[in-house]
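J.: For reference, the file target.csv (CSV, C-alpha atoms) is included below:
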chain,number,residue,atom,x,y,z
U,1,VAL,CA,-14.3,0.6,28.9
U,2,ARG,CA,-17.2,2.7,27.7
U,3,MET,CA,-19.4,5.0,30.0
U,4,ILE,CA,-23.0,3.7,29.7
U,5,ASN,CA,-25.2,6.6,30.9
U,6,GLY,CA,-23.0,9.5,30.3
U,7,ASN,CA,-22.2,10.4,33.9
U,8,PRO,CA,-18.6,11.5,34.6
U,9,VAL,CA,-16.5,9.4,37.1
U,10,ILE,CA,-13.4,10.3,39.0
U,11,ILE,CA,-10.7,7.6,39.2
U,12,ARG,CA,-7.9,8.0,41.7
U,13,THR,CA,-4.5,6.7,40.9
U,14,LEU,CA,-3.0,4.0,43.1
U,15,ASP,CA,-3.1,5.3,46.7
U,16,VAL,CA,-1.0,3.0,48.8
U,17,GLY,CA,1.6,3.1,51.5
U,18,ALA,CA,1.5,3.6,55.3
U,19,ASP,CA,-1.9,2.2,56.4
U,20,LYS,CA,-2.7,0.9,52.9
U,21,PRO,CA,0.0,-1.7,52.0
U,22,ILE,CA,-0.3,-4.0,49.0
U,23,PRO,CA,1.9,-7.1,48.4
U,24,PHE,CA,2.8,-6.4,44.8
U,25,ILE,CA,4.5,-3.1,45.5
U,26,PRO,CA,7.1,-3.7,48.2
U,27,GLN,CA,7.5,-0.8,50.7
U,28,ILE,CA,10.6,0.1,52.5
U,29,GLN,CA,10.6,-0.2,56.3
U,30,GLU,CA,9.7,3.2,57.7
U,31,ASP,CA,9.8,4.5,61.2
U,32,ASN,CA,6.9,6.9,60.5
U,33,PRO,CA,5.0,5.6,57.5
U,34,ILE,CA,2.2,8.2,57.8
U,35,LEU,CA,4.8,10.8,56.8
U,36,GLY,CA,6.6,8.6,54.4
U,37,ARG,CA,6.2,7.0,51.0
U,38,ARG,CA,2.5,7.0,50.2
U,39,GLY,CA,0.1,8.3,47.6
U,40,ILE,CA,1.8,10.0,44.7
U,41,ARG,CA,5.2,9.4,46.4
U,42,THR,CA,4.7,5.7,45.9
U,43,SER,CA,3.7,6.2,42.3
U,44,PHE,CA,6.8,8.3,41.6
U,45,SER,CA,8.9,5.3,42.7
U,46,ASN,CA,7.2,3.3,39.9
U,47,ILE,CA,6.7,5.7,37.0
U,48,GLU,CA,5.7,3.0,34.4
U,49,LEU,CA,2.9,1.8,36.7
U,50,LEU,CA,1.7,5.3,37.1
U,51,LYS,CA,1.7,5.9,33.3
U,52,THR,CA,-0.2,2.7,32.8
U,53,GLN,CA,-2.9,3.9,35.1
U,54,LEU,CA,-3.0,7.3,33.4
U,55,ARG,CA,-3.4,5.6,29.9
U,56,ALA,CA,-6.1,3.3,31.2
U,57,ILE,CA,-8.2,6.2,32.7
U,58,MET,CA,-7.7,8.4,29.6
U,59,ARG,CA,-8.9,5.6,27.2
U,60,VAL,CA,-12.3,5.4,28.9
U,61,LYS,CA,-14.9,6.5,26.3
U,62,PRO,CA,-16.4,9.0,25.7
U,63,TYR,CA,-13.0,10.7,26.2
U,64,GLY,CA,-12.9,13.1,29.1
U,65,MET,CA,-15.7,11.5,31.1
U,66,ALA,CA,-13.3,9.6,33.3
U,67,LYS,CA,-11.3,12.2,35.3
U,68,ILE,CA,-7.9,11.5,36.8
U,69,MET,CA,-7.3,12.3,40.5
U,70,ILE,CA,-3.8,12.2,42.1
U,71,PRO,CA,-3.6,11.4,45.8
U,72,MET,CA,-1.3,12.9,48.5
U,73,VAL,CA,0.0,15.9,46.5
U,74,THR,CA,2.2,18.1,48.7
U,75,PHE,CA,4.5,20.0,46.3
U,76,LEU,CA,3.6,22.0,43.2
U,77,GLU,CA,6.2,20.1,41.3
U,78,GLU,CA,4.3,16.9,41.8
U,79,ILE,CA,1.2,18.0,39.9
U,80,LEU,CA,3.4,19.6,37.3
U,81,THR,CA,5.2,16.3,36.7
U,82,VAL,CA,2.0,14.3,36.4
U,83,LYS,CA,0.6,16.9,34.0
U,84,ARG,CA,3.7,16.4,31.9
U,85,PHE,CA,3.1,12.6,31.9
U,86,VAL,CA,-0.5,13.1,31.0
U,87,LYS,CA,0.4,15.3,28.1
U,88,GLU,CA,2.9,12.8,26.8
U,89,GLU,CA,0.4,9.9,27.0
U,90,GLN,CA,-2.4,12.1,25.6
U,91,GLN,CA,-0.3,12.8,22.5
U,92,LYS,CA,0.5,9.1,22.0
U,93,LEU,CA,-3.2,8.2,22.3
U,94,ASP,CA,-4.4,11.2,20.3
U,95,ILE,CA,-6.9,12.2,23.0
U,96,ASP,CA,-7.8,15.8,23.2
U,97,LYS,CA,-9.8,16.0,26.4
U,98,VAL,CA,-8.3,15.0,29.8
U,99,SER,CA,-9.3,16.3,33.3
U,100,LEU,CA,-6.6,16.1,36.0
U,101,GLY,CA,-7.4,16.8,39.6
U,102,MET,CA,-5.8,16.3,42.9
U,103,MET,CA,-6.7,15.4,46.5
U,104,MET,CA,-6.2,18.1,49.0
U,105,GLU,CA,-5.2,16.3,52.2
U,106,VAL,CA,-1.9,17.9,53.2
U,107,PRO,CA,-1.8,21.3,55.0
U,108,ALA,CA,1.2,22.5,52.8
U,109,ALA,CA,-1.0,22.1,49.7
U,110,ALA,CA,-4.0,23.8,51.4
U,111,LEU,CA,-1.9,26.8,52.2
U,112,MET,CA,-1.0,27.1,48.5
U,113,ALA,CA,-4.5,26.2,47.2
U,114,LYS,CA,-4.7,29.1,44.9
U,115,GLU,CA,-1.4,28.2,43.2
U,116,PHE,CA,-2.4,24.5,42.9
U,117,ALA,CA,-5.8,25.6,41.5
U,118,LYS,CA,-3.9,27.2,38.6
U,119,GLU,CA,-2.6,23.7,37.6
U,120,ALA,CA,-5.3,21.2,38.7
U,121,ASP,CA,-8.7,21.0,37.0
U,122,PHE,CA,-10.5,20.2,40.3
U,123,PHE,CA,-9.9,19.5,44.0
U,124,SER,CA,-11.2,16.7,46.2
U,125,ILE,CA,-10.6,17.3,49.9
U,126,GLY,CA,-9.6,14.1,51.8
U,127,THR,CA,-10.9,15.2,55.2
U,128,ASN,CA,-9.6,12.1,57.0
U,129,ASP,CA,-5.9,12.7,56.2
U,130,LEU,CA,-6.3,16.5,56.3
U,131,THR,CA,-7.5,16.2,59.8
U,132,GLN,CA,-4.7,13.8,60.7
U,133,TYR,CA,-2.0,16.1,59.4
U,134,THR,CA,-3.5,19.4,60.6
U,135,LEU,CA,-3.9,18.1,64.2
U,136,ALA,CA,-0.7,16.0,64.1
U,137,LEU,CA,-2.8,13.0,65.3
U,138,ASP,CA,-2.6,9.5,64.0
U,139,ARG,CA,-6.2,8.7,63.3
U,140,SER,CA,-5.6,5.0,64.0
U,141,HIS,CA,-3.9,5.7,67.4
U,142,PRO,CA,-5.6,3.5,70.0
U,143,THR,CA,-5.7,6.1,72.8
U,144,LEU,CA,-5.6,9.5,70.9
U,145,ASN,CA,-8.0,8.9,68.0
U,146,PHE,CA,-10.8,10.4,69.9
U,147,LEU,CA,-9.1,13.8,69.5
U,148,SER,CA,-9.1,13.5,65.7
U,149,ASP,CA,-12.3,15.4,64.8
U,150,SER,CA,-12.7,16.9,61.4
U,151,LEU,CA,-15.0,19.6,62.8
U,152,ASN,CA,-12.1,21.1,64.7
U,153,PRO,CA,-11.9,24.8,63.8
U,154,SER,CA,-8.3,24.4,62.6
U,155,VAL,CA,-9.5,21.8,60.0
U,156,LEU,CA,-12.5,23.9,59.0
U,157,ARG,CA,-10.1,26.8,58.3
U,158,MET,CA,-8.0,24.5,56.1
U,159,VAL,CA,-11.1,23.5,54.2
U,160,ASN,CA,-12.1,27.1,53.8
U,161,MET,CA,-8.7,28.0,52.5
U,162,ILE,CA,-8.9,25.2,49.9
U,163,VAL,CA,-12.4,26.4,48.8
U,164,GLU,CA,-11.3,30.0,48.5
U,165,GLY,CA,-8.2,29.0,46.5
U,166,ALA,CA,-10.3,26.9,44.1
U,167,LYS,CA,-12.9,29.7,43.8
U,168,ALA,CA,-10.2,32.2,42.8
U,169,GLU,CA,-9.4,30.1,39.8
U,170,ASN,CA,-13.0,29.0,39.2
U,171,LYS,CA,-12.2,25.3,39.9
U,172,PRO,CA,-14.7,22.9,41.4
U,173,VAL,CA,-14.0,21.3,44.8
U,174,GLY,CA,-15.6,18.4,46.5
U,175,VAL,CA,-15.0,16.2,49.6
U,176,CYS,CA,-14.0,12.6,49.6
U,177,GLY,CA,-13.6,12.1,53.4
U,178,ALA,CA,-16.0,10.8,56.0
U,179,VAL,CA,-17.0,14.0,57.7
U,180,ALA,CA,-20.0,14.6,55.4
U,181,SER,CA,-21.6,11.4,56.7
U,182,GLU,CA,-22.7,13.2,59.8
U,183,PRO,CA,-25.3,16.0,59.8
U,184,ALA,CA,-23.1,18.6,61.4
U,185,GLY,CA,-20.3,17.9,58.9
U,186,ALA,CA,-22.6,18.1,55.9
U,187,ILE,CA,-24.0,21.4,57.1
U,188,LEU,CA,-20.7,23.0,57.7
U,189,LEU,CA,-19.2,21.8,54.4
U,190,ILE,CA,-22.2,23.2,52.5
U,191,GLY,CA,-21.8,26.4,54.4
U,192,LEU,CA,-18.1,26.6,53.4
U,193,GLY,CA,-19.1,26.2,49.7
U,194,ILE,CA,-18.7,22.5,49.1
U,195,ARG,CA,-21.3,21.1,46.7
U,196,ALA,CA,-20.0,17.5,46.2
U,197,LEU,CA,-20.0,15.4,49.3
U,198,SER,CA,-18.8,11.8,50.0
U,199,VAL,CA,-21.2,9.9,52.3
U,200,VAL,CA,-21.0,6.3,53.6
U,201,PRO,CA,-23.8,4.2,52.0
U,202,SER,CA,-25.7,3.7,55.3
U,203,ALA,CA,-26.0,7.5,55.7
U,204,VAL,CA,-26.9,8.5,52.2
U,205,ALA,CA,-30.7,8.6,52.7
U,206,ASP,CA,-30.5,10.6,56.0
U,207,ILE,CA,-28.0,13.1,54.6
U,208,LYS,CA,-30.0,13.6,51.4
U,209,ALA,CA,-33.2,14.2,53.4
U,210,LEU,CA,-31.3,16.7,55.6
U,211,ILE,CA,-29.9,18.6,52.7
U,212,ARG,CA,-33.3,19.0,51.1
U,213,GLU,CA,-34.5,21.0,54.1
U,214,LEU,CA,-31.4,23.2,54.6
U,215,ASP,CA,-31.2,26.9,54.0
U,216,VAL,CA,-27.9,27.5,52.3
U,217,ARG,CA,-27.6,31.1,53.6
U,218,LYS,CA,-28.0,29.9,57.1
U,219,CYS,CA,-25.4,27.2,56.6
U,220,GLU,CA,-23.0,29.9,55.3
U,221,GLN,CA,-23.7,32.1,58.4
U,222,VAL,CA,-23.1,29.2,60.8
U,223,ALA,CA,-20.0,28.0,59.0
U,224,LYS,CA,-18.5,31.5,59.2
U,225,GLN,CA,-19.2,31.5,63.0
U,226,ALA,CA,-17.6,28.0,63.3
U,227,LEU,CA,-14.4,29.2,61.7
U,228,ASN,CA,-14.0,31.6,64.7
U,229,CYS,CA,-14.8,29.0,67.4
U,230,ASN,CA,-12.0,28.1,69.9
U,231,ASN,CA,-12.5,24.3,69.9
U,232,VAL,CA,-14.5,21.5,68.4
U,233,SER,CA,-16.9,21.4,71.3
U,234,GLU,CA,-17.9,25.0,70.5
U,235,VAL,CA,-18.4,24.1,66.9
U,236,ARG,CA,-20.6,21.1,67.6
U,237,SER,CA,-22.7,23.1,70.2
U,238,LEU,CA,-23.1,25.9,67.6
U,239,VAL,CA,-24.4,23.6,64.9
U,240,LYS,CA,-26.5,21.5,67.2
U,241,GLY,CA,-28.2,24.6,68.6
U,242,GLU,CA,-28.8,26.3,65.2
U,243,PHE,CA,-30.2,23.2,63.4
U,244,ASN,CA,-31.8,21.3,66.3
U,245,LEU,CA,-29.7,18.2,65.7
Any chance you could put this one into structure tokens?
T.:
Amino acid sequence: VRMINGNPVIIRTLDVGADKPIPFIPQIQEDNPILGRRGIRTSFSNIELLKTQLRAIMRVKPYGMAKIMIPMVTFLEEILTVKRFVKEEQQKLDIDKVSLGMMMEVPAAALMAKEFAKEADFFSIGTNDLTQYTLALDRSHPTLNFLSDSLNPSVLRMVNMIVEGAKAENKPVGVCGAVASEPAGAILLIGLGIRALSVVPSAVADIKALIRELDVRKCEQVAKQALNCNNVSEVRSLVKGEFNL
């Protein structure tokens, strides 16, 4: 594969398990799959498949334009192990430039963001799962999913912790969850220091138009206030009032 217009692309390694089953990788029966074998945990059960993916991403030309992203990282040892695999394959392929990042979607990793930032080249916050794990709420639960709101101050504090950890090591951080697809989410993420947002296609035009009119300093001030709110209703009322949403 050769990049045509020179723009970098982030490719996530296989992210399956729990709510993302695939037939060619048999999964064991789990009583609580959301907390089971998924993301990088699944990849570690099939090392050769993981290494095949790493090689494929690394061979995209020009070298280094395709960045590797590892999902569901929880323990520092996981990113260190993948870094070792990358280095081994890098030497075999004689490629000198590789960028290895990780998804931030587990509170345990968010709490150690600074330590992870010393090992990863970039972070991408998976707000859907980060919300699910922070609030201990299954986002697909038929009667409790309404409580799973990424603008909950607890989740915003997790995001802030990740951003601060990345900033300490001068590492970029973006968002690959759904929260930026709504105006209040985009405003607060920008206020917390996020500059790369993931937005559903149907909302791209509206969110871009909103961002063009935003005052970043005001976003930062409101985000700081949101971190000290008591609940998600207070957060939403704050943003709605300050930005006339």
J.: As a ChimeraX atom specification, please: the residues near U:Lys208 (cut-off 12 Å, all atoms listed in the file, same-chain neighbours under 6 positions excluded).
T.: /U:180-183,186-187,196-202,214
J.: Quick one: pull the distance between atom CA of U:Ile70 and atom CA of U:Ile11, Å, one decimal.
T.: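 According to the coordinates, atom CA of U:Ile70 and atom CA of U:Ile11 are separated by 8.8 Å.
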J.: In Å to one decimal, how far is atom CA of U:Arg236 from atom CA of U:Val222?
T.: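 Separating atom CA of U:Val222 from atom CA of U:Arg236 is a distance of 10.9 Å.
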J.: Every residue with an atom at most 7 Å from (-8.8, 21.4, 37.0) (file coordinates; only C-alpha atoms) is what I'm after, so could you write them as a list in words?
T.: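 Here is the list of nearby residues: Ser99, Leu100, Gly101, Ala117, Glu119, Ala120, Asp121, Phe122 and Lys171 of chain U.
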J.: Got a sec: who's within 12 Å of U:Thr81, counting only C-alpha atoms, leaving out chain neighbours fewer than 3 positions off, as a PyMOL selection string?
T.: chain U and resi 40-41+43-44+47+50-51+70+73+75-78+84-88+100+119-120
J.: Could you give me, as a PDB file with C-alpha atoms, keeping the file's coordinate frame, the residues within 9 Å of U:Ala184, counting all atoms listed in the file and dropping anything in the same chain fewer than 4 positions from it?
T.:
ATOM      1  CA  LEU U 151     -15.000  19.600  62.800  1.00  0.00           C
ATOM      2  CA  VAL U 179     -17.000  14.000  57.700  1.00  0.00           C
ATOM      3  CA  ALA U 180     -20.000  14.600  55.400  1.00  0.00           C
ATOM      4  CA  LEU U 188     -20.700  23.000  57.700  1.00  0.00           C
ATOM      5  CA  LEU U 189     -19.200  21.800  54.400  1.00  0.00           C
ATOM      6  CA  ARG U 236     -20.600  21.100  67.600  1.00  0.00           C
ATOM      7  CA  VAL U 239     -24.400  23.600  64.900  1.00  0.00           C
ATOM      8  CA  LYS U 240     -26.500  21.500  67.200  1.00  0.00           C
ATOM      9  CA  PHE U 243     -30.200  23.200  63.400  1.00  0.00           C
ATOM     10  CA  LEU U 245     -29.700  18.200  65.700  1.00  0.00           C
TER      11      LEU U 245
END
J.: Taking into account all atoms listed in the file, which residue in the set U:Met58, U:Val232, U:Ile25, U:Ile34 is nearest to U:His141?
T.: U:Ile34
J.: May I ask for the distance between atom CA of U:Glu48 and atom CA of U:Ile95, given in Å to one decimal place?
T.: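 Answer for the atom CA of U:Glu48 to atom CA of U:Ile95 separation: 19.3 Å.
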J.: With distances taken over all atoms listed in the file, which residue among U:Asn32, U:Asn7, U:Thr74, U:Ser124 lies nearest U:Asp138?
T.: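 Of the candidates, the smallest distance to U:Asp138 is held by U:Asn32.
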J.: Given the choices U:Val173, U:Ile190, U:Leu14, U:Cys229, which gets closest to U:Thr52 if the distance is worked out from only C-alpha atoms?
T.: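 Among the listed residues, the smallest separation from U:Thr52 belongs to U:Leu14.
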J.: Need the shell around U:Tyr133: protein/DNA/RNA residues with any atom at most 12 Å away, counting only C-alpha atoms. Skip same-chain ones fewer than 6 positions apart. Format as a VMD selection string?
T.: chain U and resid 34 to 35 72 74 104 to 110 126 to 127 139 148 to 150 154 to 155 158
J.: From the list U:Thr143, U:Thr13, U:Ser45, U:Gln90, which residue is nearest U:Gln27 when using all atoms listed in the file?
T.: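 Residue with the minimum atom-to-atom distance to U:Gln27: U:Ser45.
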J.: With distances taken over all atoms listed in the file, which of U:Asp31, U:Glu234, U:Asp15, U:Glu220 is nearest to U:Asn152?
T.: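 Once distances to U:Asn152 are computed over all atoms listed in the file, the minimum belongs to U:Glu234.
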J.: Pick out the closest residue to U:Thr134 from this set: U:Leu54, U:Arg157, U:Ala66, U:Gly6. Count all atoms listed in the file.
T.: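 Result for the nearest residue to U:Thr134: U:Arg157.
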J.: What's around U:Asn145 at 12 Å? Count only C-alpha atoms, leave out sequence neighbours fewer than 6 positions away in its own chain, and write the answer as a ChimeraX atom specification.
T.: /U:128,131-132,135-139
J.: Find the residues with any atom within 9 Å of (-21.2, 28.8, 65.9); use all atoms listed in the file and the coordinates as given in the file, and write the answer as a PyMOL selection string.
T.: chain U and resi 221-229+234-239+241-242
J.: Could you extract stretch 62-73 of chain U of the given structure into a file holding all heavy atoms, as a PDB file, in the first residue's frame?
T.:
ATOM      1  N   PRO U  62       4.742   6.164   2.239  1.00  0.00           N
ATOM      2  CA  PRO U  62       6.076   6.268   2.832  1.00  0.00           C
ATOM      3  C   PRO U  62       6.066   5.808   4.283  1.00  0.00           C
ATOM      4  O   PRO U  62       5.104   6.050   5.007  1.00  0.00           O
ATOM      5  CB  PRO U  62       6.410   7.756   2.711  1.00  0.00           C
ATOM      6  CG  PRO U  62       5.094   8.434   2.590  1.00  0.00           C
ATOM      7  CD  PRO U  62       4.185   7.482   1.890  1.00  0.00           C
ATOM      8  N   TYR U  63       7.151   5.162   4.687  1.00  0.00           N
ATOM      9  CA  TYR U  63       7.232   4.575   6.014  1.00  0.00           C
ATOM     10  C   TYR U  63       6.978   5.625   7.101  1.00  0.00           C
ATOM     11  O   TYR U  63       7.481   6.737   7.038  1.00  0.00           O
ATOM     12  CB  TYR U  63       8.593   3.927   6.227  1.00  0.00           C
ATOM     13  CG  TYR U  63       8.864   2.765   5.302  1.00  0.00           C
ATOM     14  CD1 TYR U  63      10.079   2.648   4.637  1.00  0.00           C
ATOM     15  CD2 TYR U  63       7.900   1.782   5.094  1.00  0.00           C
ATOM     16  CE1 TYR U  63      10.333   1.582   3.787  1.00  0.00           C
ATOM     17  CE2 TYR U  63       8.142   0.715   4.244  1.00  0.00           C
ATOM     18  CZ  TYR U  63       9.350   0.611   3.591  1.00  0.00           C
ATOM     19  OH  TYR U  63       9.589  -0.438   2.749  1.00  0.00           O
ATOM     20  N   GLY U  64       6.203   5.218   8.069  1.00  0.00           N
ATOM     21  CA  GLY U  64       5.902   6.094   9.195  1.00  0.00           C
ATOM     22  C   GLY U  64       4.620   6.886   9.048  1.00  0.00           C
ATOM     23  O   GLY U  64       4.129   7.457  10.023  1.00  0.00           O
ATOM     24  N   MET U  65       4.047   6.916   7.839  1.00  0.00           N
ATOM     25  CA  MET U  65       2.806   7.664   7.632  1.00  0.00           C
ATOM     26  C   MET U  65       1.592   6.909   8.166  1.00  0.00           C
ATOM     27  O   MET U  65       0.571   7.505   8.483  1.00  0.00           O
ATOM     28  CB  MET U  65       2.612   7.974   6.152  1.00  0.00           C
ATOM     29  CG  MET U  65       3.661   8.921   5.588  1.00  0.00           C
ATOM     30  SD  MET U  65       3.640  10.535   6.411  1.00  0.00           S
ATOM     31  CE  MET U  65       2.190  11.273   5.667  1.00  0.00           C
ATOM     32  N   ALA U  66       1.702   5.589   8.238  1.00  0.00           N
ATOM     33  CA  ALA U  66       0.646   4.782   8.858  1.00  0.00           C
ATOM     34  C   ALA U  66       1.058   4.517  10.300  1.00  0.00           C
ATOM     35  O   ALA U  66       2.094   3.896  10.565  1.00  0.00           O
ATOM     36  CB  ALA U  66       0.458   3.475   8.098  1.00  0.00           C
ATOM     37  N   LYS U  67       0.269   5.005  11.224  1.00  0.00           N
ATOM     38  CA  LYS U  67       0.586   4.874  12.646  1.00  0.00           C
ATOM     39  C   LYS U  67      -0.185   3.700  13.238  1.00  0.00           C
ATOM     40  O   LYS U  67      -1.334   3.454  12.874  1.00  0.00           O
ATOM     41  CB  LYS U  67       0.239   6.160  13.389  1.00  0.00           C
ATOM     42  CG  LYS U  67       0.906   7.409  12.802  1.00  0.00           C
ATOM     43  CD  LYS U  67       0.423   8.655  13.496  1.00  0.00           C
ATOM     44  CE  LYS U  67       0.952   9.929  12.846  1.00  0.00           C
ATOM     45  NZ  LYS U  67       2.402  10.048  12.962  1.00  0.00           N
ATOM     46  N   ILE U  68       0.436   2.981  14.146  1.00  0.00           N
ATOM     47  CA  ILE U  68      -0.177   1.808  14.780  1.00  0.00           C
ATOM     48  C   ILE U  68      -0.864   2.233  16.070  1.00  0.00           C
ATOM     49  O   ILE U  68      -0.283   2.962  16.883  1.00  0.00           O
ATOM     50  CB  ILE U  68       0.888   0.738  15.098  1.00  0.00           C
ATOM     51  CG1 ILE U  68       1.639   0.330  13.833  1.00  0.00           C
ATOM     52  CG2 ILE U  68       0.249  -0.473  15.769  1.00  0.00           C
ATOM     53  CD1 ILE U  68       2.886  -0.495  14.103  1.00  0.00           C
ATOM     54  N   MET U  69      -2.101   1.766  16.272  1.00  0.00           N
ATOM     55  CA  MET U  69      -2.802   2.053  17.516  1.00  0.00           C
ATOM     56  C   MET U  69      -3.292   0.744  18.153  1.00  0.00           C
ATOM     57  O   MET U  69      -3.926  -0.072  17.499  1.00  0.00           O
ATOM     58  CB  MET U  69      -3.989   2.987  17.286  1.00  0.00           C
ATOM     59  CG  MET U  69      -4.681   3.391  18.576  1.00  0.00           C
ATOM     60  SD  MET U  69      -5.799   4.804  18.355  1.00  0.00           S
ATOM     61  CE  MET U  69      -7.116   4.053  17.397  1.00  0.00           C
ATOM     62  N   ILE U  70      -2.977   0.583  19.432  1.00  0.00           N
ATOM     63  CA  ILE U  70      -3.323  -0.631  20.162  1.00  0.00           C
ATOM     64  C   ILE U  70      -4.555  -0.382  21.026  1.00  0.00           C
ATOM     65  O   ILE U  70      -4.598   0.584  21.800  1.00  0.00           O
ATOM     66  CB  ILE U  70      -2.152  -1.073  21.070  1.00  0.00           C
ATOM     67  CG1 ILE U  70      -0.854  -1.180  20.255  1.00  0.00           C
ATOM     68  CG2 ILE U  70      -2.460  -2.400  21.756  1.00  0.00           C
ATOM     69  CD1 ILE U  70      -0.909  -2.169  19.132  1.00  0.00           C
ATOM     70  N   PRO U  71      -5.586  -1.233  20.913  1.00  0.00           N
ATOM     71  CA  PRO U  71      -6.807  -1.018  21.693  1.00  0.00           C
ATOM     72  C   PRO U  71      -6.801  -1.697  23.062  1.00  0.00           C
ATOM     73  O   PRO U  71      -6.099  -2.680  23.288  1.00  0.00           O
ATOM     74  CB  PRO U  71      -7.879  -1.666  20.804  1.00  0.00           C
ATOM     75  CG  PRO U  71      -7.160  -2.807  20.147  1.00  0.00           C
ATOM     76  CD  PRO U  71      -5.732  -2.334  19.944  1.00  0.00           C
ATOM     77  N   MET U  72      -7.553  -1.123  23.971  1.00  0.00           N
ATOM     78  CA  MET U  72      -7.871  -1.745  25.261  1.00  0.00           C
ATOM     79  C   MET U  72      -6.638  -1.999  26.133  1.00  0.00           C
ATOM     80  O   MET U  72      -6.541  -2.994  26.832  1.00  0.00           O
ATOM     81  CB  MET U  72      -8.629  -3.058  25.008  1.00  0.00           C
ATOM     82  CG  MET U  72      -9.344  -3.644  26.192  1.00  0.00           C
ATOM     83  SD  MET U  72     -10.710  -2.611  26.698  1.00  0.00           S
ATOM     84  CE  MET U  72     -11.148  -3.429  28.224  1.00  0.00           C
ATOM     85  N   VAL U  73      -5.679  -1.080  26.076  1.00  0.00           N
ATOM     86  CA  VAL U  73      -4.483  -1.233  26.909  1.00  0.00           C
ATOM     87  C   VAL U  73      -4.828  -0.897  28.354  1.00  0.00           C
ATOM     88  O   VAL U  73      -5.435   0.139  28.635  1.00  0.00           O
ATOM     89  CB  VAL U  73      -3.345  -0.323  26.397  1.00  0.00           C
ATOM     90  CG1 VAL U  73      -2.129  -0.427  27.312  1.00  0.00           C
ATOM     91  CG2 VAL U  73      -2.980  -0.691  24.968  1.00  0.00           C
TER      92      VAL U  73
END
